[in-house]
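**Q** Pasting final-v7.cif here (mmCIF, C-alpha atoms):
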```cif
data_model
loop_
_atom_site.label_atom_id
_atom_site.label_comp_id
_atom_site.auth_asym_id
_atom_site.auth_seq_id
_atom_site.Cartn_x
_atom_site.Cartn_y
_atom_site.Cartn_z
CA MET W 1 0.00 0.00 0.00
CA ASN W 2 2.73 2.37 1.05
CA GLN W 3 4.80 1.58 -2.05
CA TRP W 4 1.75 2.09 -4.23
CA LYS W 5 1.31 5.54 -2.72
CA ASN W 6 5.00 6.19 -3.31
CA PHE W 7 4.53 5.23 -6.96
CA SER W 8 1.26 6.99 -7.68
CA LYS W 9 2.06 10.35 -6.09
CA GLY W 10 3.87 11.43 -9.25
CA PHE W 11 0.70 11.43 -11.34
CA LEU W 12 -1.41 14.03 -9.59
CA LYS W 13 -0.51 14.86 -6.02
CA GLU W 14 3.15 15.58 -6.72
CA ASN W 15 3.06 15.79 -10.48
CA PRO W 16 6.39 17.43 -11.40
CA VAL W 17 4.90 19.61 -14.11
CA PHE W 18 1.43 20.56 -12.96
CA VAL W 19 2.03 20.84 -9.23
CA LEU W 20 5.75 21.26 -8.57
CA LEU W 21 6.42 23.29 -11.74
CA LEU W 22 9.76 21.59 -12.36
CA GLY W 23 11.32 20.71 -15.69
CA MET W 24 9.45 23.43 -17.55
CA CYS W 25 11.92 23.76 -20.43
CA PRO W 26 11.42 20.30 -21.96
CA THR W 27 7.74 20.44 -21.01
CA LEU W 28 7.18 23.48 -23.18
CA GLY W 29 9.87 22.79 -25.75
CA VAL W 30 9.08 19.31 -27.02
CA THR W 31 5.31 19.01 -26.67
CA SER W 32 4.34 20.09 -30.15
CA SER W 33 2.98 16.56 -30.58
CA ALA W 34 1.93 13.71 -28.31
CA ILE W 35 4.59 11.37 -29.70
CA ASN W 36 7.39 13.84 -28.97
CA GLY W 37 6.05 14.21 -25.44
CA LEU W 38 6.01 10.44 -25.04
CA GLY W 39 9.58 10.05 -26.29
CA MET W 40 10.91 12.82 -24.06
CA GLY W 41 8.94 11.53 -21.08
CA LEU W 42 10.24 7.98 -21.44
CA ALA W 43 13.83 9.17 -21.92
CA THR W 44 13.57 11.24 -18.74
CA THR W 45 11.92 8.35 -16.89
CA PHE W 46 14.84 6.07 -17.76
CA VAL W 47 17.38 8.62 -16.54
CA LEU W 48 15.35 9.26 -13.40
CA LEU W 49 14.97 5.56 -12.60
CA MET W 50 18.63 4.69 -13.17
CA SER W 51 20.05 7.75 -11.41
CA ASN W 52 17.77 7.19 -8.42
CA ILE W 53 18.94 3.56 -8.18
CA VAL W 54 22.64 4.40 -8.48
CA VAL W 55 22.47 7.41 -6.15
CA SER W 56 20.73 5.36 -3.51
CA LEU W 57 23.31 2.56 -3.91
CA VAL W 58 26.35 4.81 -3.53
CA LYS W 59 24.89 7.40 -1.15
CA SER W 60 26.96 6.28 1.83
CA ALA W 61 30.20 6.43 -0.17
CA ILE W 62 29.76 10.06 -1.28
CA PRO W 63 31.03 12.75 1.10
CA GLU W 64 28.35 15.26 2.01
CA LYS W 65 30.19 18.25 0.50
CA VAL W 66 30.66 16.94 -3.02
CA ARG W 67 27.34 15.17 -3.33
CA ILE W 68 25.79 17.58 -5.86
CA PRO W 69 28.66 17.31 -8.39
CA ALA W 70 28.70 13.54 -7.84
CA PHE W 71 24.97 13.31 -8.53
CA ILE W 72 25.38 15.42 -11.66
CA VAL W 73 28.07 13.09 -13.00
CA ILE W 74 25.85 10.06 -12.36
CA ILE W 75 22.92 11.75 -14.11
CA ALA W 76 25.08 12.92 -17.02
CA THR W 77 26.32 9.35 -17.54
CA PHE W 78 22.80 8.03 -18.02
CA VAL W 79 21.85 10.99 -20.20
CA THR W 80 24.78 10.17 -22.48
CA ILE W 81 23.61 6.52 -22.64
CA VAL W 82 20.10 7.63 -23.60
CA GLN W 83 21.47 10.12 -26.11
CA LEU W 84 23.66 7.59 -27.92
CA THR W 85 20.96 4.88 -27.83
CA MET W 86 18.30 7.16 -29.28
CA GLN W 87 20.67 8.45 -31.92
CA ALA W 88 21.27 4.87 -33.05
CA PHE W 89 17.77 3.37 -32.87
CA VAL W 90 15.24 6.21 -33.26
CA PRO W 91 17.10 8.88 -35.26
CA ALA W 92 13.90 10.66 -36.35
CA LEU W 93 12.66 11.14 -32.79
CA TYR W 94 16.17 12.08 -31.66
CA LYS W 95 16.26 14.78 -34.29
CA SER W 96 12.90 16.27 -33.37
CA LEU W 97 13.74 16.35 -29.65
CA GLY W 98 17.14 17.80 -30.54
CA LEU W 99 18.83 19.83 -27.87
CA PHE W 100 16.45 18.75 -25.13
CA ILE W 101 17.97 15.25 -24.83
CA PRO W 102 21.38 16.43 -23.54
CA LEU W 103 19.51 19.02 -21.49
CA ILE W 104 17.92 16.26 -19.36
CA VAL W 105 21.11 16.74 -17.30
CA VAL W 106 19.90 20.11 -16.07
CA ASN W 107 16.29 19.03 -15.64
CA CYS W 108 15.58 19.99 -12.05
CA ILE W 109 13.28 16.98 -11.58
CA VAL W 110 16.12 14.49 -11.90
CA LEU W 111 18.53 16.25 -9.56
CA GLY W 112 15.65 17.10 -7.26
CA ARG W 113 14.65 13.45 -6.80
CA ALA W 114 18.28 12.38 -6.32
CA GLU W 115 18.76 14.98 -3.61
CA ALA W 116 15.36 14.85 -1.94
CA PHE W 117 14.56 11.15 -2.16
CA ALA W 118 17.24 8.76 -3.40
CA SER W 119 19.96 10.10 -1.10
CA LYS W 120 17.81 9.29 1.91
CA ASN W 121 15.96 6.08 1.01
CA ASN W 122 16.77 2.49 0.09
CA VAL W 123 17.16 1.18 -3.46
CA GLY W 124 13.68 -0.32 -3.76
CA SER W 125 11.73 2.78 -2.77
CA SER W 126 14.08 5.00 -4.78
CA ALA W 127 13.46 2.96 -7.92
CA ILE W 128 9.69 3.12 -7.38
CA ASP W 129 9.89 6.85 -6.70
CA GLY W 130 11.92 7.44 -9.88
CA LEU W 131 9.53 5.37 -11.97
CA GLY W 132 6.45 7.06 -10.50
CA ILE W 133 7.70 10.62 -10.92
CA GLY W 134 9.05 9.77 -14.38
CA LEU W 135 5.74 8.34 -15.56
CA GLY W 136 3.90 11.29 -14.02
CA PHE W 137 6.16 13.57 -16.06
CA THR W 138 5.47 11.47 -19.17
CA PHE W 139 1.74 11.67 -18.48
CA ALA W 140 1.93 15.47 -18.28
CA LEU W 141 3.95 15.73 -21.49
CA VAL W 142 1.64 13.42 -23.45
CA LEU W 143 -1.43 15.29 -22.18
CA LEU W 144 0.03 18.67 -23.11
CA GLY W 145 1.38 17.37 -26.43
CA GLY W 146 -1.94 15.70 -27.24
CA ILE W 147 -3.99 18.84 -26.61
CA ARG W 148 -1.62 20.98 -28.65
CA GLU W 149 -1.54 18.47 -31.49
CA ILE W 150 -5.34 18.16 -31.64
CA LEU W 151 -5.89 21.93 -31.56
CA GLY W 152 -2.96 22.83 -33.76
CA SER W 153 -2.95 20.15 -36.45
CA GLY W 154 -6.22 18.25 -36.04
CA LYS W 155 -4.39 14.99 -35.43
CA ILE W 156 -3.35 12.80 -32.55
CA PHE W 157 -0.59 10.17 -32.97
CA ASN W 158 -0.93 10.89 -36.72
CA ILE W 159 -4.63 9.94 -36.78
CA THR W 160 -6.66 12.74 -38.33
CA ILE W 161 -9.54 13.91 -36.13
CA TYR W 162 -10.83 16.84 -38.11
CA PRO W 163 -9.82 18.46 -41.40
CA GLU W 164 -6.80 20.69 -41.56
CA ASN W 165 -8.83 23.71 -42.68
CA TYR W 166 -10.15 24.18 -39.17
CA VAL W 167 -6.89 24.01 -37.20
CA THR W 168 -5.46 26.85 -35.12
CA LEU W 169 -1.82 26.68 -36.08
CA VAL W 170 -0.63 28.79 -33.16
CA PHE W 171 -1.09 25.88 -30.75
CA VAL W 172 1.77 23.87 -32.24
CA LEU W 173 3.98 26.97 -32.30
CA ALA W 174 5.78 28.45 -29.31
CA PRO W 175 2.96 30.63 -27.86
CA GLY W 176 0.56 27.69 -27.77
CA ALA W 177 2.83 25.84 -25.35
CA PHE W 178 2.63 28.61 -22.76
CA ILE W 179 -1.09 29.18 -23.17
CA VAL W 180 -2.19 25.52 -23.05
CA LEU W 181 0.00 24.82 -20.01
CA GLY W 182 -1.34 27.94 -18.28
CA TYR W 183 -4.95 26.84 -18.71
CA LEU W 184 -4.13 23.23 -17.73
CA ILE W 185 -2.55 24.36 -14.47
CA ALA W 186 -5.51 26.66 -13.79
CA LEU W 187 -7.85 23.70 -14.35
CA ILE W 188 -5.84 21.47 -12.01
CA ASN W 189 -5.72 24.17 -9.32
CA ARG W 190 -9.47 24.44 -9.63
CA MET W 191 -9.95 20.67 -9.37
CA LYS W 192 -7.72 20.49 -6.30
CA LYS W 193 -9.87 23.03 -4.48
CA ASN W 194 -13.05 21.00 -4.87
CA MET R 1 26.97 40.99 -42.27
CA ASN R 2 27.17 37.42 -41.09
CA TYR R 3 27.59 38.65 -37.51
CA LEU R 4 24.52 40.87 -37.81
CA VAL R 5 22.49 37.81 -38.81
CA ILE R 6 23.70 35.97 -35.70
CA VAL R 7 22.84 38.93 -33.46
CA ILE R 8 19.34 39.56 -34.78
CA GLY R 9 18.62 35.86 -35.06
CA ALA R 10 19.59 35.23 -31.44
CA ILE R 11 17.95 38.26 -29.85
CA LEU R 12 14.68 38.52 -31.74
CA VAL R 13 13.90 35.69 -34.15
CA ASN R 14 15.00 32.71 -32.08
CA ASN R 15 14.62 34.34 -28.70
CA ILE R 16 16.09 31.90 -26.23
CA VAL R 17 13.22 31.99 -23.77
CA LEU R 18 10.14 32.63 -25.85
CA MET R 19 11.03 30.67 -28.98
CA GLN R 20 13.50 28.00 -27.83
CA PHE R 21 12.15 27.42 -24.32
CA LEU R 22 15.52 27.51 -22.62
CA GLY R 23 15.90 29.12 -19.21
CA ILE R 24 12.19 28.96 -18.40
CA CYS R 25 12.83 28.36 -14.69
CA PRO R 26 14.45 31.76 -13.99
CA PHE R 27 12.05 33.33 -16.49
CA LEU R 28 9.10 32.27 -14.35
CA GLY R 29 10.90 32.25 -11.02
CA VAL R 30 12.63 35.61 -10.73
CA SER R 31 10.37 37.75 -12.89
CA LYS R 32 8.22 39.22 -10.14
CA LYS R 33 10.17 42.48 -10.09
CA VAL R 34 12.12 44.34 -12.76
CA SER R 35 15.09 44.93 -10.44
CA THR R 36 15.62 41.22 -9.72
CA GLY R 37 15.17 40.57 -13.42
CA ILE R 38 18.05 42.90 -14.19
CA GLY R 39 20.25 41.19 -11.57
CA MET R 40 19.49 37.77 -12.99
CA THR R 41 20.20 38.97 -16.52
CA GLY R 42 23.59 40.26 -15.44
CA ALA R 43 24.53 36.98 -13.79
CA VAL R 44 23.30 34.90 -16.74
CA ALA R 45 25.10 37.07 -19.30
CA PHE R 46 28.34 36.84 -17.34
CA VAL R 47 28.28 33.08 -16.93
CA MET R 48 26.87 32.38 -20.40
CA ILE R 49 29.65 34.20 -22.24
CA LEU R 50 32.36 32.75 -20.01
CA ALA R 51 30.92 29.22 -20.26
CA THR R 52 30.70 29.42 -24.04
CA ILE R 53 34.36 30.40 -24.32
CA VAL R 54 35.56 27.68 -21.93
CA THR R 55 33.39 24.91 -23.38
CA TYR R 56 34.43 25.94 -26.90
CA LEU R 57 38.08 25.55 -25.97
CA ILE R 58 37.44 22.22 -24.26
CA GLN R 59 35.42 20.89 -27.18
CA ASN R 60 38.00 21.83 -29.79
CA TYR R 61 41.27 21.29 -27.98
CA VAL R 62 40.49 18.41 -25.63
CA LEU R 63 37.42 16.40 -26.59
CA GLU R 64 37.84 16.42 -30.36
CA LYS R 65 41.59 16.09 -30.27
CA PHE R 66 41.42 12.91 -28.25
CA GLY R 67 38.23 11.53 -29.83
CA LEU R 68 36.18 11.93 -26.67
CA GLY R 69 33.12 13.53 -28.29
CA PHE R 70 30.77 11.25 -26.39
CA LEU R 71 31.85 12.86 -23.11
CA GLN R 72 30.50 16.23 -24.23
CA THR R 73 27.46 16.38 -21.93
CA ILE R 74 29.37 15.26 -18.84
CA ALA R 75 32.33 17.52 -19.53
CA PHE R 76 30.21 20.60 -20.25
CA ILE R 77 28.01 20.34 -17.19
CA LEU R 78 31.01 19.82 -14.93
CA VAL R 79 32.77 22.80 -16.47
CA ILE R 80 29.70 24.99 -16.01
CA ALA R 81 29.14 23.88 -12.43
CA SER R 82 32.75 24.52 -11.43
CA LEU R 83 32.83 27.77 -13.40
CA VAL R 84 29.83 29.09 -11.48
CA GLN R 85 31.47 28.09 -8.22
CA MET R 86 34.72 29.75 -9.23
CA VAL R 87 33.06 32.95 -10.41
CA GLU R 88 31.28 33.13 -7.09
CA ILE R 89 34.50 32.80 -5.08
CA ILE R 90 36.44 35.26 -7.26
CA LEU R 91 33.65 37.87 -7.25
CA LYS R 92 33.40 37.65 -3.49
CA LYS R 93 37.09 38.57 -3.18
CA VAL R 94 37.57 40.95 -6.09
CA SER R 95 34.34 42.88 -6.35
CA PRO R 96 32.10 42.71 -3.28
CA PRO R 97 29.51 45.17 -4.72
CA LEU R 98 29.08 43.07 -7.86
CA TYR R 99 28.91 39.96 -5.70
CA GLN R 100 26.19 41.61 -3.63
CA ALA R 101 24.24 42.35 -6.79
CA LEU R 102 24.64 38.97 -8.49
CA GLY R 103 25.34 36.79 -5.47
CA ILE R 104 22.00 35.14 -4.83
CA PHE R 105 21.46 34.42 -8.52
CA LEU R 106 24.75 32.66 -9.17
CA PRO R 107 24.02 29.26 -7.58
CA LEU R 108 20.71 29.15 -9.45
CA ILE R 109 22.53 29.39 -12.75
CA THR R 110 24.13 25.93 -12.69
CA THR R 111 20.75 24.36 -13.38
CA ASN R 112 19.77 27.02 -15.91
CA CYS R 113 19.48 25.06 -19.12
CA ALA R 114 20.07 28.21 -21.17
CA ILE R 115 23.79 28.11 -20.30
CA LEU R 116 24.35 24.48 -21.28
CA GLY R 117 21.99 24.94 -24.24
CA VAL R 118 23.93 27.85 -25.71
CA ALA R 119 27.24 26.04 -25.14
CA ILE R 120 25.97 22.98 -27.04
CA LEU R 121 24.38 25.11 -29.79
CA THR R 122 27.67 26.92 -30.33
CA VAL R 123 29.38 23.58 -30.93
CA GLN R 124 26.52 22.25 -33.09
CA ASN R 125 26.51 25.33 -35.32
CA GLU R 126 30.29 24.95 -35.78
CA PHE R 127 30.95 28.57 -34.90
CA ASN R 128 34.48 29.84 -34.40
CA LEU R 129 35.42 31.48 -31.13
CA LEU R 130 34.47 35.03 -32.15
CA GLU R 131 31.13 33.92 -33.57
CA GLY R 132 30.56 31.89 -30.42
CA VAL R 133 31.13 34.93 -28.23
CA ILE R 134 28.78 37.06 -30.36
CA PHE R 135 26.22 34.24 -30.35
CA SER R 136 26.26 33.84 -26.57
CA THR R 137 26.27 37.60 -25.94
CA SER R 138 23.23 38.02 -28.19
CA HIS R 139 21.44 35.14 -26.50
CA ALA R 140 22.14 36.73 -23.12
CA ILE R 141 20.69 40.02 -24.39
CA GLY R 142 17.66 38.16 -25.73
CA PHE R 143 17.20 36.48 -22.36
CA GLY R 144 17.41 39.83 -20.59
CA LEU R 145 15.00 41.47 -23.03
CA ALA R 146 12.36 38.79 -22.54
CA LEU R 147 12.87 38.62 -18.77
CA ILE R 148 12.69 42.39 -18.20
CA ILE R 149 9.64 42.92 -20.44
CA PHE R 150 7.94 40.01 -18.70
CA ALA R 151 8.83 41.31 -15.22
CA GLY R 152 7.44 44.70 -16.15
CA ILE R 153 4.16 43.14 -17.26
CA ARG R 154 3.96 41.04 -14.10
CA GLU R 155 4.43 44.09 -11.89
CA HIS R 156 1.32 45.54 -13.48
CA LEU R 157 -0.46 42.21 -13.37
CA ASP R 158 -0.21 42.20 -9.58
CA LEU R 159 -2.48 45.22 -9.46
CA GLN R 160 -5.13 43.72 -11.73
CA ASP R 161 -8.15 41.72 -10.74
CA VAL R 162 -7.26 38.28 -12.09
CA PRO R 163 -9.85 35.45 -11.89
CA LYS R 164 -9.13 33.29 -8.88
CA GLY R 165 -8.21 30.07 -10.66
CA LEU R 166 -5.78 31.85 -12.96
CA LYS R 167 -3.84 33.65 -10.22
CA GLY R 168 -0.09 33.08 -10.03
CA THR R 169 1.54 30.68 -12.47
CA PRO R 170 -1.37 30.17 -14.92
CA ILE R 171 -1.76 33.86 -15.75
CA ALA R 172 2.03 34.22 -15.92
CA LEU R 173 2.19 31.40 -18.48
CA ILE R 174 -0.64 32.85 -20.55
CA THR R 175 1.05 36.26 -20.49
CA ALA R 176 4.27 34.61 -21.65
CA GLY R 177 2.29 32.98 -24.46
CA ILE R 178 1.00 36.34 -25.66
CA LEU R 179 4.51 37.76 -25.41
CA ALA R 180 5.76 34.84 -27.50
CA MET R 181 3.08 35.67 -30.07
CA ALA R 182 4.44 39.20 -30.25
CA PHE R 183 7.95 37.84 -30.80
CA MET R 184 6.62 35.63 -33.60
CA GLY R 185 6.21 38.85 -35.53
CA PHE R 186 9.99 38.88 -35.93
CA SER R 187 10.13 35.50 -37.67
CA GLY R 188 11.37 35.71 -41.21
CA LEU R 189 13.49 38.74 -40.37
CA VAL R 190 16.70 36.87 -41.14
#
```
Can you dump the structure from the file as structure tokens?
**A**
Amino acid sequence: MNQWKNFSKGFLKENPVFVLLLGMCPTLGVTSSAINGLGMGLATTFVLLMSNIVVSLVKSAIPEKVRIPAFIVIIATFVTIVQLTMQAFVPALYKSLGLFIPLIVVNCIVLGRAEAFASKNNVGSSAIDGLGIGLGFTFALVLLGGIREILGSGKIFNITIYPENYVTLVFVLAPGAFIVLGYLIALINRMKKN
Amino acid sequence: MNYLVIVIGAILVNNIVLMQFLGICPFLGVSKKVSTGIGMTGAVAFVMILATIVTYLIQNYVLEKFGLGFLQTIAFILVIASLVQMVEIILKKVSPPLYQALGIFLPLITTNCAILGVAILTVQNEFNLLEGVIFSTSHAIGFGLALIIFAGIREHLDLQDVPKGLKGTPIALITAGILAMAFMGFSGLV
């Protein structure tokens, strides 16, 4: 029960994007379509899961004072693994996510979980925490990407929903990202109050 | 002429915050007042230009020379983190007033993706050192421009009667969206 709570908190209660407002750059930058959001979310989830596991394994060996640089090196290692893997196996997705893959290193969610959770808890709970927060992040990105894709291009996962003549192009461009996220957060704040 | 294209492209057309979504955290976090916005801009500009120069040298004279290209992400983030730390220590000794002004913003900069982003973009675009410096300076100006305009709007926004659900972050994001729309007017300029 407790582990389930630990896992599921990332989706709504402590959703990194909608509630904690962390990792905003990739959230806004890559969500021009649901599939991009999914790719970015899963890449971040992998980094989050692995870095949480490793940080929690080596936490007692790292001196207190150099822990942040040590965490960053661990995170950067997994980011490089993701980067090279994606470049080799899904080059199209890698190209459309572009700069935001190496920038997972500076995603505050990853370092935040390493510092706030993995450095204080055992391997099992850290892995579950990483997976939960990561999937919550993915959920937020797919939701945001899906809404923008439907409004901006009339499609979702390349399935046409309504003809292109009726689309509002601005939603797949930069301003749409800010506006859709703003209204989504307003909606979630509203739901939390009730 | 080529340099002018880099400058206008970086400040207006591909504005780092509003068009490329880099450095959103400080953009939303320290934009409540114009004065803090100016302080943050100063700190970002300082570190961004310095980081671009150092990472450029490392990329070209260490990583590429020894075929270590795959270490780029790790090397760059370590360089930026230690650079920020070093700048902080040096400023504290050499120029206490400047340290007072920038001090609180410096530690925040390590996790500012704009710095790492511009460093990587400089390498990706295969700029030489001078172009890299111009590129990072322009991006820093673009960051400051967006941040200060946005802070100015938010100061006024505080006095307005905003619907309850939209208060705080939501209205800030929507404002940023409208600002981004205004910046879209520059597209096609270069």
**Q** Using only C-alpha atoms, determine which residues lie at most 9 Å from Ile147 in chain W, disregarding the query and same-chain residues fewer than 6 positions distant; provide the list as a list in words.
**A**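 Surrounding residues, per the criterion: Ser33, Ala34, Ile156, Phe171 and Val180 of chain W.
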**Q** Given the selection you just returned, output its residues as a file containing C-alpha atoms, formatted as a PDB file, in the frame of the given file.
**A**
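The resulting file, selection12.pdb, is shown below:
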```pdb
ATOM      1  CA  SER W  33       2.980  16.560 -30.580  1.00  0.00           C
ATOM      2  CA  ALA W  34       1.930  13.710 -28.310  1.00  0.00           C
ATOM      3  CA  ILE W 156      -3.350  12.800 -32.550  1.00  0.00           C
ATOM      4  CA  PHE W 171      -1.090  25.880 -30.750  1.00  0.00           C
ATOM      5  CA  VAL W 180      -2.190  25.520 -23.050  1.00  0.00           C
TER       6      VAL W 180
END
```
**Q** So the first atom is CA of Ala182 in chain R and the second is CA of Gly37 in chain W; what is the distance between them in Å, to one decimal place?
**A** 25.5 Å
**Q** Step by step, work through what the PyMOL selection byres ((chain R and resi 24-27) around 8) selects in the shown file, and finish by giving those residues as a ChimeraX atom specification.
**A** /W:22-25 /R:17,21-23,28-31,40,112,147
**Q** Give me, as a PDB file with C-alpha atoms, in the frame of the given file, all polymer residues having an atom no more than 6 Å from range 132-141 of chain R, counting all atoms listed in the file and skipping those fewer than 2 positions away in the same chain.
**A**
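result19.pdb was written with the following content:
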```pdb
ATOM      1  CA  VAL R   7      22.840  38.930 -33.460  1.00  0.00           C
ATOM      2  CA  ALA R  10      19.590  35.230 -31.440  1.00  0.00           C
ATOM      3  CA  ILE R  11      17.950  38.260 -29.850  1.00  0.00           C
ATOM      4  CA  ALA R  45      25.100  37.070 -19.300  1.00  0.00           C
ATOM      5  CA  ILE R  49      29.650  34.200 -22.240  1.00  0.00           C
ATOM      6  CA  THR R 122      27.670  26.920 -30.330  1.00  0.00           C
ATOM      7  CA  PHE R 127      30.950  28.570 -34.900  1.00  0.00           C
ATOM      8  CA  ASN R 128      34.480  29.840 -34.400  1.00  0.00           C
ATOM      9  CA  LEU R 129      35.420  31.480 -31.130  1.00  0.00           C
ATOM     10  CA  LEU R 130      34.470  35.030 -32.150  1.00  0.00           C
ATOM     11  CA  PHE R 143      17.200  36.480 -22.360  1.00  0.00           C
ATOM     12  CA  GLY R 144      17.410  39.830 -20.590  1.00  0.00           C
TER      13      GLY R 144
END
```
**Q** When you count only C-alpha atoms, which of these residues is closest to Leu97 in chain W: W:Gly182, W:Pro63, W:Gly29, W:Gly176?
**A**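 Of W:Gly182, W:Pro63, W:Gly29, W:Gly176, the one nearest Leu97 in chain W, counting only C-alpha atoms, is W:Gly29.
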**Q** Residues of chain R within 8 Å of chain W, counting all atoms listed in the file - could you list those as a PyMOL selection string?
**A** chain R and resi 18-25+70-71+73-74+77-78+81+110-113+116-117+120-121+165-166+169-181
